[in-house]
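Novice: Handing you this structure, nothing more for now.
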Amino acid sequence: MVANHLPSESFVNLGIGAPTMVANALDASQGVILHSENGLLNVGPAPAEGEENHDLINAGKQPVTTLPGASFFDSSLSFSMMRGGHIDVAVLGAFQVSEDGDLANWNTGRDDGAPPAVGGAVDLAVGASQIWVMMEHTTRDGAPRIVSRCTMPLTAVGVVRRIFTNLCLITVTDAGLVVDAMIDDLELKDLQALTEATLTAAPALRTINSDGIVT
């Protein structure tokens, strides 16, 4: 679903974790150029099994491929791209997103072996033109990830513009969270029961089919 919404010919950074799967769903006709913060531009899809080159990885240390015209550079240049407003969309994972678009995606506040620092996520959060979040709608225990106020350490305040979950697509607006699309057979009241923050349906609420296509 995320891949289908990316602007054509845009520069996009995919965060560690689930967002990296977007690379496998992009169509070449979209002209999207993927950036990896460890110093790679024009990242391709994941390599076929057995064809991995472990010297060619993304920021999450996963093997990747390159597309024609790909380039390699050091971290200072990579972070200059991120901080300088040269990334059109950053697709990041998250532990929590608030109704105001606050992002918590680097630490749960518990000693669970998570990275000891926020890393490049904060540079993307304040430097990319748009921040989209891609995550499961609830935790493994069924707790809401879309909340009124984040209780986990913040990465950045008020930066999230769109939220893609396994159940819906939400736009963060000045008036609150607007549900643009939901999976088939799900009603707004059921989605609201899984969400702490208040949701409002878009005037033309659409459906997400089994292939993740918004119709």
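Ligands are numbered from 1 in the order shown, chains are lettered A, B, ... in the order of the structure tokens, and residues start at 1 in each chain.
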Would you kindly return, as a VMD selection string, each protein, DNA or RNA residue with an atom no farther than 7 Å from any atom of segment 150-155 of chain A, considering only C-alpha atoms and excluding same-chain residues fewer than 4 positions away?
Specialist: chain A and resid 96 to 98 103 to 109 118 122
Novice: Find the residues near segment 3-5 of chain A: any atom within 7 Å, counting only C-alpha atoms, skip ones fewer than 4 places away on the same chain, and give them as a PyMOL selection string.
Specialist: chain A and resi 22+25-26
Novice: Only C-alpha atoms, please: the residues just picked out, written as a PDB file, in the first residue's frame.
Specialist:
```
ATOM      1  CA  VAL A  22       8.522  -1.151   0.233  1.00  0.00           C
ATOM      2  CA  ALA A  25       6.799  -3.393  -4.152  1.00  0.00           C
ATOM      3  CA  LEU A  26       7.897  -0.408  -6.223  1.00  0.00           C
TER       4      LEU A  26
END
```
Novice: Using only C-alpha atoms, find the one residue out of A:Gly84, A:Pro19, A:Gly69, A:Gly119 that sits nearest to Asn38 of chain A.
Specialist: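 Closest residue, counting only C-alpha atoms: A:Gly119.
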Novice: Neighbours of Ala28 of chain A within 10 Å (only C-alpha atoms; same-chain residues fewer than 2 positions away dropped), as a PyMOL selection string?
Specialist: chain A and resi 8-9+25-26+30-33+44+67
Novice: Please dump the current selection as an mmCIF file, in the first residue's frame; keep N, CA, C and O atoms.
Specialist:
```cif
data_model
loop_
_atom_site.group_PDB
_atom_site.id
_atom_site.type_symbol
_atom_site.label_atom_id
_atom_site.label_comp_id
_atom_site.auth_asym_id
_atom_site.auth_seq_id
_atom_site.Cartn_x
_atom_site.Cartn_y
_atom_site.Cartn_z
ATOM 1 N N SER A 8 5.580 10.055 -7.726
ATOM 2 C CA SER A 8 6.483 9.636 -8.795
ATOM 3 C C SER A 8 7.724 10.514 -8.809
ATOM 4 O O SER A 8 7.687 11.704 -8.483
ATOM 5 N N GLU A 9 8.849 9.890 -9.162
ATOM 6 C CA GLU A 9 10.137 10.565 -9.287
ATOM 7 C C GLU A 9 10.553 11.270 -7.994
ATOM 8 O O GLU A 9 11.191 12.325 -8.021
ATOM 9 N N ALA A 25 8.126 -3.628 -3.579
ATOM 10 C CA ALA A 25 6.799 -3.393 -4.152
ATOM 11 C C ALA A 25 6.765 -2.246 -5.149
ATOM 12 O O ALA A 25 5.737 -2.004 -5.784
ATOM 13 N N LEU A 26 7.873 -1.549 -5.308
ATOM 14 C CA LEU A 26 7.897 -0.408 -6.223
ATOM 15 C C LEU A 26 7.918 -0.869 -7.671
ATOM 16 O O LEU A 26 8.538 -1.874 -8.017
ATOM 17 N N GLN A 30 7.387 4.210 -11.648
ATOM 18 C CA GLN A 30 7.174 5.284 -10.682
ATOM 19 C C GLN A 30 8.361 6.233 -10.618
ATOM 20 O O GLN A 30 8.221 7.390 -10.209
ATOM 21 N N GLY A 31 9.535 5.739 -10.968
ATOM 22 C CA GLY A 31 10.713 6.598 -10.942
ATOM 23 C C GLY A 31 11.173 6.983 -9.554
ATOM 24 O O GLY A 31 11.916 7.961 -9.383
ATOM 25 N N VAL A 32 10.750 6.244 -8.534
ATOM 26 C CA VAL A 32 11.146 6.549 -7.163
ATOM 27 C C VAL A 32 12.602 6.132 -6.955
ATOM 28 O O VAL A 32 13.015 5.042 -7.347
ATOM 29 N N ILE A 33 13.390 7.003 -6.358
ATOM 30 C CA ILE A 33 14.791 6.726 -6.062
ATOM 31 C C ILE A 33 14.940 6.577 -4.550
ATOM 32 O O ILE A 33 14.633 7.499 -3.786
ATOM 33 N N GLY A 44 17.811 -0.911 -4.883
ATOM 34 C CA GLY A 44 16.852 -1.772 -5.561
ATOM 35 C C GLY A 44 16.157 -2.707 -4.588
ATOM 36 O O GLY A 44 16.291 -2.574 -3.365
ATOM 37 N N LEU A 67 20.227 -0.257 -8.449
ATOM 38 C CA LEU A 67 19.654 -0.034 -9.774
ATOM 39 C C LEU A 67 20.626 0.795 -10.606
ATOM 40 O O LEU A 67 21.525 1.445 -10.050
#
```
Novice: Closest to Ile146 of chain A among A:Gly85, A:Gly101, A:Pro45, A:Gly120, using only C-alpha atoms?
Specialist: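 Comparing A:Gly85, A:Gly101, A:Pro45, A:Gly120 against Ile146 of chain A, the winner is A:Gly101.
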Novice: One decimal, in Å: what's the spacing between atom CA of Leu177 of chain A and atom CA of Leu199 of chain A?
Specialist: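 Separating atom CA of Leu177 of chain A from atom CA of Leu199 of chain A is a distance of 5.3 Å.
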Novice: Please report the interatomic distance between atom CA of Leu34 of chain A and atom CA of Val12 of chain A in Å with one decimal.
Specialist: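 Computing the Euclidean distance for atom CA of Leu34 of chain A and atom CA of Val12 of chain A yields 4.9 Å.
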Novice: Just give me the gap between atom CA of Asn53 of chain A and atom CA of Leu124 of chain A in Å, one decimal is fine.
Specialist: 26.6 Å
Novice: When you count only C-alpha atoms, which of these residues is closest to Leu92 of chain A: A:Pro203, A:Gly176, A:Gly15, A:Pro7?
Specialist: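 Selected residue with least distance to Leu92 of chain A: A:Gly15.
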